Amino acid sequence: MPSLKDLKVRINSVKNTQKITSAMKMVAAAKLRRAQEQAEAGRPYAERMERILGSLATAMAGREGAPELLVGNGRDQVHLVIVMTSDRGLCGGFNSSIVRGARKFIRELETAGKQVKILCVGRKARDQLRRDYARLIVDTIDEIGKRRVGYAAATEIADRVMAMFAAGEFDVATAFYNKFKSAMTQFVTQTQLIPFSVPGATAAQDVFYEYEPDEQDILAALLPRNLGVQIFRALLENSASEQGARMTAMDNATRNAGEMINKLTINYNRSRQAFITKELIEIISGAEAV
């Protein structure tokens, strides 16, 4: 049975941990508000960009000279999997869920006889994947949005991916990230970036448009920009999801610490009462013996 001193030390230790988790929860809540506003503000632009490119892609279907970013290079053998996680932990299952989705996709590709390359965005992706797939990791980009996620960070990743595609290092690029819904709910999202994945047909795509200049020139300018926009959207969604997951995890940790403090306090009081009772019995027994 632990001594009174041991119980007291443990209670103080758990109280200090509770203060830390409570502070981290408040910081995450403050960051979540800003990150959520950014993510929600970035969605309409990214979605409209996809619709415009979808309309242009439909018009270019079957025509020669279409950009490779749209139709691909004609091969489907080498796949680049972009796994986007955070650089830090203490955010519940945020990172693990993304890596789990990427692992499943990688296994499916390898089963189909495809060659896989992994680009890690965030240290946690590298740390969790290098045990089984160290040979497949081609690069790691970390410290993205250390203070605040900006479009420059997305451009850095997009330029890296574009350079690899131009050098013929892969045929298809797919990104994995978490899409934010609420502080308690995030969805692992798989998005094909290269070649451009044409969204489902809509009524707007059935309307005929005339473009000036022609579709080919517009696509040549918009497709690289769309790659940066979609990566930026993924970074914003990831940032909001990370802070929401961290706030939820720290809230649970704070409550668990409170429950543990209550249990330890009860054990401490019982042990102290038993110790006092034992001393009284010894004093009374000694007095009667005299």
# chains A, B, ... in the order shown; residues from 1 in each chain; ligands from 1

call {"tool": "closest_atom_pairs", "arguments": {"of": "region 246-286 of chain A", "to": "region 174-188 of chain A", "cutoff": "9 Å", "atoms": "only C-alpha atoms", "output": "CSV"}}
result
residue,atom,partner,partner_atom,distance
A:Arg246,CA,A:Ala183,CA,8.7
A:Met247,CA,A:Ala183,CA,7.4
A:Thr248,CA,A:Met184,CA,6.4

call {"tool": "select_by_dssp", "arguments": {"residues": "region 189-282 of chain A", "states": "strand (DSSP E or B)", "output": "ChimeraX atom specification"}}
result
/A:189-194

call {"tool": "write_last_selection", "arguments": {"atoms": "N, CA and C atoms", "output": "compact mmCIF listing (two decimals), in the first residue's frame"}}
result
# COMPACT_ATOMS: atom_id res chain seq x y z
N THR A 189 -9.96 12.44 -45.81
CA THR A 189 -10.33 12.75 -47.19
C THR A 189 -9.20 12.35 -48.14
N GLN A 190 -9.55 11.68 -49.21
CA GLN A 190 -8.61 11.26 -50.25
C GLN A 190 -8.92 12.04 -51.51
N THR A 191 -7.94 12.80 -52.01
CA THR A 191 -8.15 13.64 -53.18
C THR A 191 -7.06 13.38 -54.21
N GLN A 192 -7.46 13.10 -55.44
CA GLN A 192 -6.49 12.94 -56.52
C GLN A 192 -6.15 14.31 -57.08
N LEU A 193 -4.89 14.67 -57.03
CA LEU A 193 -4.44 15.99 -57.47
C LEU A 193 -3.95 15.98 -58.91
N ILE A 194 -3.20 14.94 -59.28
CA ILE A 194 -2.66 14.81 -60.64
C ILE A 194 -2.91 13.37 -61.10

call {"tool": "atom_distance", "arguments": {"atom1": "CA of Val172 (chain A)", "atom2": "CA of Ser86 (chain A)"}}
result
23.6 Å

call {"tool": "residues_around", "arguments": {"residues": "Ala158 (chain A)", "least_positions_apart": "3", "cutoff": "8 Å", "atoms": "only C-alpha atoms", "output": "list in words"}}
result
Ala154, Thr155, Val161, Met162, Leu227, Gly228 and Ile231 of chain A

call {"tool": "residues_around", "arguments": {"residues": "region 20-27 of chain A", "least_positions_apart": "4", "cutoff": "12 Å", "atoms": "only C-alpha atoms", "output": "NGL selection string"}}
result
:A and (13-16 or 31-34 or 90-91 or 183 or 243-258)

call {"tool": "residues_around", "arguments": {"residues": "region 44-49 of chain A", "least_positions_apart": "6", "cutoff": "8 Å", "atoms": "only C-alpha atoms", "output": "PDB file with N, CA and C atoms, in the first residue's frame"}}
result
ATOM      1  N   ASN A 226      -4.637  25.586 -59.627  1.00  0.00           N
ATOM      2  CA  ASN A 226      -5.585  24.735 -58.915  1.00  0.00           C
ATOM      3  C   ASN A 226      -4.875  23.769 -57.984  1.00  0.00           C
ATOM      4  N   VAL A 229      -4.136  25.660 -54.950  1.00  0.00           N
ATOM      5  CA  VAL A 229      -5.371  25.963 -54.221  1.00  0.00           C
ATOM      6  C   VAL A 229      -5.872  24.738 -53.466  1.00  0.00           C
ATOM      7  N   GLN A 230      -5.851  23.578 -54.110  1.00  0.00           N
ATOM      8  CA  GLN A 230      -6.338  22.364 -53.453  1.00  0.00           C
ATOM      9  C   GLN A 230      -5.433  21.950 -52.291  1.00  0.00           C
ATOM     10  N   ARG A 233      -6.206  24.356 -49.510  1.00  0.00           N
ATOM     11  CA  ARG A 233      -7.464  23.953 -48.873  1.00  0.00           C
ATOM     12  C   ARG A 233      -7.232  22.801 -47.903  1.00  0.00           C
TER      13      ARG A 233
END

call {"tool": "closest_residue", "arguments": {"among": "A:Arg225, A:Asp171, A:Gly92, A:Gly113", "to": "His79 (chain A)", "atoms": "only C-alpha atoms"}}
result
A:Asp171

call {"tool": "select_by_dssp", "arguments": {"residues": "region 98-249 of chain A", "states": "alpha helix (DSSP H)", "output": "number ranges by chain"}}
result
A: 98-111, 123-133, 151-166, 215-249
